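> This is the structure I have questions about; it appears just below.
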Amino acid sequence: MTRRDNVGPVCSLKFVTLLVALIPELLFLGAGVQLQDNGYDGLLIAINPQVSEDQNLIPNIKEMITEASFYLFNATKRRVFFRNIKILIPTTWKANNYSKVKQELYEKANVIVTDGYGAHGDDPYTLQYRGCGKEGKYIHFTSNFLLNDDLTAGYGPRGRVFVHEWAHLRWGVFDEYNNEKPFYINGQNQIKVTRCSSDITGIFVCEKGPCPQENCIISKLFKEGCMFIYNSTQNATASIMFMQSLSSVVEFCNARTHNQEAPNLQNQMCSLRSAWDVITDSADFNHSFPMNGTGLPPPPVFSLIQAGDKVVCLVLDVSSKMEEADRLLRLQQAAEFYLMQIVEIHTFVGIVSFNSKGEIRAQLHQINSDDDRKLLVSHLPSTVSAEAQTSICSGLKKGFEVVEKLNGKAHGSVMILVTSRGDEHIGNCLLTVLSSGSTIHSIALGSSVVKNLEELSHHTGGVKFFVPDKSNSNSMIDAFSRIPSGTGDIFQQRIQLESTGENVKPHHQLKNTVTVDNSVGNDTTFLVTWQTSGPPEIALVDPNGRKYYTSDFITNPALRTARLCIPGTAEPGLWTYTLNNTHHSLQALKVTVTSRASSSAMPPATVEVFVERDSPRFPHPVMIYANVRKGIYPILNATVTATIEPETADPVVLKLFDDGAGNIQMNAPRKSVGRHEEEQKWGFSRVSSGGSFSVLGVPAGPHPDVFPPCKIIDLEAVKVEEEVTLSWTAPGEDYDQGQANSYEIRMSQSLQKIQDDFNNAILVNISKLLSPQQAGTKEIFTFSPKLFTNGPDHQPDGETQESHRIYVAIRAIDKNSLKSAVSNIAQVSLFIPPNSAPVLARDHLILKGVLTAVSSIGIICLTIAVTHYTLNRKKRADKKENGTKLI
């Protein structure tokens with residue numbers, strides 16, 4: 001979040017896993033921002049289609065990046081600058097000789113520009129979710145921030161703001177201010193302002209003018225009207241992560257200027273390390289050296305690109321392997337679902353099938369009506385060939401032939417590749433695919449490993465999926481539903497509300513409810529699929545009691561699908577569906593529900609799922625994240641579950657936590673996102689596939705316990721009368737899953753001692769603390785610090801009895817004595833300022849020069865160690881977790 005100088009709902013989520021090997025020699029072809037010869041290439045800035053066309057927006061973006069490039073170059077001591085920038089123009093803007101996109105998608109942008117929704121202001125922010133030293137997801141600006149020059153009086157020049165956010169995004173450093181704790185008492189019992197560096201000057205001001213700083217603070221509460229005003233003229237050169245708006249600030253805090261005592265996110269998340277220390281540890285700085293000379297680098301070069309007509313080609317495997325496990329049927333059902341419901345109107349769609357050779361089944365056809373959709377469905381393959389061999393390159397070659405007939409090139413096109421087996425010759429066409437400008441989304445079917453397939457998706461910016469051979473799995477439809485539109489227009493995209501499947505016994509039912517909340521309801525469609533024979537007996541009841549039956553659904557007996565489109569806007573509330581298996585055999589029955597936004601004035605709730613880009617090697621964990629939000633604003637405290645479907649084992653269902661257990665707690669929003677009464681009553685439901693991920697080097701057979709509890713990052717300490725109360729979120733037995741065995745709490749009156757030598761800090765007696773609770777639960781423990789601070793016998797070396805400030809840290813231990821990393825260090829002052837007076841609530845504090853923060857993310861994260869041993873343990877832990885209160 002950029003510093004400004006001011007003068008339960010329910011969401012479900014699915015993942016699949018695929019074990020594949022990477023090709024080391026192809027790693028250099030990775031997409032995204034690249035640093036070469038001190039310059040960043042490939043930075044993608046995307047403008048949301050909801051942003052109105054404004055002739056000043058693009059020039060202002062260019063000016064911001066150009067200014068940022070020179071400022072960054074000097075701030076990094078001549079290390080890095082911005083060389084080539086792409087700006088993705090919405091298709092809603094008039095064509096203006098823009099270049100055509102290749103593989104650039106809105107969802108892949110490093111910087112996004114949107115119209116703000118709600119009354120949360122124009123605060124720039126970076127979606128950070130992976131921790132200290134790790135790259136973030138994207139930088140967000142509102143169009144008003146980029147167009148309204150009056151805002152620069154508060155934030156500072158836009159180029160400086162961009163560098164602040166770039167440091168968040170690229171290098172994983174954090175803000176050095178804290179709006180919740182703008183003051184603190186240091187180790188010398190002095191009241192200080194939370195800042196970095198401490199050289200930044202200013203004065204304390206109370207209700208009637210300048211005042212002693214002691215009058216501004218009592219314990220955790222602040223006097224009304226008390227503020228700290230920063231001097232407009234400064235000599236301090238740091239820090240960009242504290243207040244980039246000050247003209248003197250031209251560098252990041254380093255080891256010399258960094259304030260380790262300040263209670264800010266940089267200290268909390270980065271173990272008291274300075275921003276510059278983290279930055280210089282990055283891969284960018286490990287592979288670059290300061291440029292020679294004294295001149296500035298050349299200004300950035302900008303390319304303006306815009307997507308043309310959307311072109312999609314389905315490239316579908318019809319080899320004999322598709323006969324196994326109803327693969328062809330499930331492909332037909334999912335492809336029909338995609339063509340009838342998902343793909344946007346006016347899109348050009350073609351269909352290709354392949355075995356050892358490719359065959360064009362349908363040339364490009366533009367979708368302008370339901371009849372166009374049905375025509376394309378009729379061209380889907382209905383049988384498999386007798387040939388077992390597959391040539392993915394042959395299929396893609398035919399796909400390129402189809403799409404090139406529109407404009408002579410494949411640039412900007414999308415290939416949806418579905419295959420049931422590996423092809424060792426994929427590498428033969430990889431360079432052709434990369435140069436084509438097409439994005440490849442791959443869907444691998446079955447239990448066999450499809451080697452090298454994910455490379456096609458990874459290096460073209462596509463998404464990869466794996467669909468197991470399980471009759472009750474809805475993963476195929478989920479994959480087609482998850483394929484991104486590339487436009488970023490959430491008002492036009494289909495949103496998946498339900499996805500479920502079950503093997504239903506003869507004359508038994510699949511019955512459930514799905515929530516249609518107020519933010520969706522247009523084009524709501526219920527899709528029922530089955531495995532054999534005729535359709536099940538369907539009954540659907542809306543919130544008002546209106547009933548729909550099988551006869552109301554449009555049935556396709558050949559594909560074994562039944563579809564009901566609700567006219568108008570679906571009634572908000574709980575919809576109940578019942579599927580009766582009227583046949584004499586076990587039947588796999590599945591339900592998918594999708595809808596669109598109900599109004600262009602209110603963005604719908606969405607869930608975005610992403611996994612660590614790199615395939616970890618055992619025993620490193622896989623990190624999985626979900627971002628639940630309305631428009632650009634987070635929906636906090638959603639209940640989210642992840643379903644991991646391994647190649648062969650049973651699915652594993654795990655909870656994802658929104659409570660600090662492994663994730664970043666950003667600053668609180670000014671006010672929570674408002675919800676209608678109906679939404680509070682019914683909540684909302686969303687389903688999204690997270691694609692597939694890989695874990696390399698997993699040994700065969702049982703595995704020893706190699707996963708410790710995760711690091712506690714939200715430890716807080718508060719003085720309550722003569723005692724100190726600690727609070728934190730419980731970690732798990734294995735990272736954030738299960739239940740740890742014990743805690744170790746230590747304290748010191750020396751920040752440096754507890755940071756550098758935790759094992760020899762004073763051990764706090766925790767005999768009154770019960771065993772650790774289930775992961776994700778709030779833990780609270782109170783102790784008396786006098787037992788440790790009153791007397792020479794308890795004074796660690798170098799600590800004086802006059803100091804009344806203590807520092808506390810904690811780590812968790814599992815049953816096999818594996819220890820977590822030491823937590824963030826909490827600090828508390830036992831000193832009470834002598835000039836105490838009654839105070840009002842902290843909410844009334846106005847702190848000049850400090851931005852009132854907006855929550856930038858609503859991240860729900862999960863740390864998963866993907867091994868058979870660990871997954872089975874986590875399944876058992878989940879059963880014991882019922883009733884656990886989430887924080």
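Residue numbering restarts at 1 in every chain; chains get A, B, ... in the order shown in the structure tokens, and ligands count up from 1 in that same order.
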Excluding Ser391 in chain A and any residue of its chain fewer than 2 positions from it, enumerate the residues within 7 Å of it, using only C-alpha atoms, and give them as a list in words.
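Residues near the query, excluding close chain neighbours: Asn355, Ser356, Lys357, Gln389, Cys393, Ser394, Gly395 and Asp423 of chain A.
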> Write out as an MDAnalysis selection string each polymer residue whose atoms come within 6 Å of Leu564 in chain A, counting only C-alpha atoms; drop sequence neighbours fewer than 6 positions from it.
chainID A and resid 525:526 553
> Give the answer as one residue: which of A:Ser99, A:Thr390, A:Ser533, A:Gln268 has the shortest atom-to-atom distance to Asn556 in chain A, using only C-alpha atoms?
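Looking at the shortest contact to Asn556 in chain A, the residue is A:Ser533.
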> Just asking: which residues within range 677-717 of chain A are strand (DSSP E or B) according to DSSP, as JSON, numbers by chain?
{"A": [689, 690, 691, 692, 693, 696, 709, 716, 717]}
> Which neighbours of Arg160 in chain A fall inside 10 Å, counting only C-alpha atoms, when residues of the same chain fewer than 6 positions from it are skipped, and could you give them as a list in words?
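The neighbour list is Thr2, Met64, Ile65, Glu67, Ala68, Ser69, Phe70, Tyr71, Leu72, Trp166, Ile240, Met243, Gln244, Ser245, Leu246, Ser247, Val249 and Val250 of chain A.
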> Within 12 Å of Lys94 in chain A, counting only C-alpha atoms, which residues show up once you throw out same-chain ones fewer than 5 positions away? Write them as a compact mmCIF listing (two decimals) with all heavy atoms, in the first residue's frame, please.

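File produced: result15.txt:
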```
# COMPACT_ATOMS: atom_id res chain seq x y z
N PRO A 49 -11.86 -3.04 -18.98
CA PRO A 49 -12.85 -2.57 -19.96
C PRO A 49 -13.92 -1.67 -19.39
O PRO A 49 -14.60 -0.97 -20.14
CB PRO A 49 -13.44 -3.87 -20.52
CG PRO A 49 -13.10 -4.92 -19.52
CD PRO A 49 -11.82 -4.51 -18.91
N SER A 52 -13.72 4.15 -18.67
CA SER A 52 -14.13 4.95 -19.82
C SER A 52 -12.90 5.46 -20.56
O SER A 52 -11.87 5.79 -19.96
CB SER A 52 -14.98 6.13 -19.38
OG SER A 52 -16.15 5.69 -18.71
N GLU A 53 -13.04 5.54 -21.87
CA GLU A 53 -11.93 6.02 -22.68
C GLU A 53 -11.65 7.48 -22.37
O GLU A 53 -12.55 8.31 -22.35
CB GLU A 53 -12.25 5.84 -24.16
CG GLU A 53 -11.08 6.15 -25.07
CD GLU A 53 -11.28 5.65 -26.49
OE1 GLU A 53 -12.38 5.09 -26.76
OE2 GLU A 53 -10.37 5.80 -27.30
N ASP A 54 -10.39 7.80 -22.10
CA ASP A 54 -9.98 9.16 -21.77
C ASP A 54 -8.65 9.42 -22.46
O ASP A 54 -7.69 8.65 -22.28
CB ASP A 54 -9.85 9.34 -20.26
CG ASP A 54 -9.65 10.79 -19.84
OD1 ASP A 54 -8.63 11.38 -20.26
OD2 ASP A 54 -10.50 11.32 -19.10
N GLN A 55 -8.58 10.51 -23.21
CA GLN A 55 -7.39 10.80 -24.00
C GLN A 55 -6.17 11.10 -23.15
O GLN A 55 -5.04 11.08 -23.64
CB GLN A 55 -7.66 11.97 -24.94
CG GLN A 55 -8.00 13.28 -24.24
CD GLN A 55 -8.26 14.42 -25.21
OE1 GLN A 55 -8.13 14.25 -26.42
NE2 GLN A 55 -8.60 15.59 -24.67
N ILE A 89 -4.92 -2.15 -24.17
CA ILE A 89 -6.07 -1.27 -24.32
C ILE A 89 -7.34 -2.12 -24.37
O ILE A 89 -7.39 -3.13 -25.06
CB ILE A 89 -5.95 -0.43 -25.60
CG1 ILE A 89 -4.58 0.26 -25.67
CG2 ILE A 89 -7.08 0.58 -25.70
CD1 ILE A 89 -4.30 1.22 -24.58
N GLN A 306 -3.99 -4.00 -28.40
CA GLN A 306 -5.42 -4.18 -28.19
C GLN A 306 -5.85 -5.50 -28.82
O GLN A 306 -5.42 -5.84 -29.93
CB GLN A 306 -6.22 -3.03 -28.82
CG GLN A 306 -7.71 -3.05 -28.54
CD GLN A 306 -8.43 -1.88 -29.19
OE1 GLN A 306 -8.19 -1.56 -30.36
NE2 GLN A 306 -9.30 -1.22 -28.44
N ALA A 307 -6.67 -6.24 -28.11
CA ALA A 307 -7.17 -7.51 -28.64
C ALA A 307 -8.18 -7.24 -29.75
O ALA A 307 -8.99 -6.31 -29.67
CB ALA A 307 -7.83 -8.32 -27.53
N GLY A 308 -8.08 -8.04 -30.80
CA GLY A 308 -9.06 -7.94 -31.87
C GLY A 308 -10.21 -8.89 -31.59
O GLY A 308 -10.57 -9.14 -30.43
```
> Kindly indicate which residue among A:Ile305, A:Ala362, A:Ala335, A:Val514 lies nearest to Asp478 in chain A, using only C-alpha atoms for the distances.
A:Ala335
> Check the smallest atom-to-atom distance from each of A:Val609, A:Ala388, A:Ala255, A:Leu35 to Ile624 in chain A using only C-alpha atoms, then report the winner.
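Of all the options, A:Val609 lies closest to Ile624 in chain A.
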> Identify which of the residues A:Asn254, A:Ser748, A:Asn186, A:Asn56 lies closest to Ile810 in chain A, counting only C-alpha atoms when measuring atom-to-atom distances.
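Of A:Asn254, A:Ser748, A:Asn186, A:Asn56, the one nearest Ile810 in chain A, counting only C-alpha atoms, is A:Ser748.
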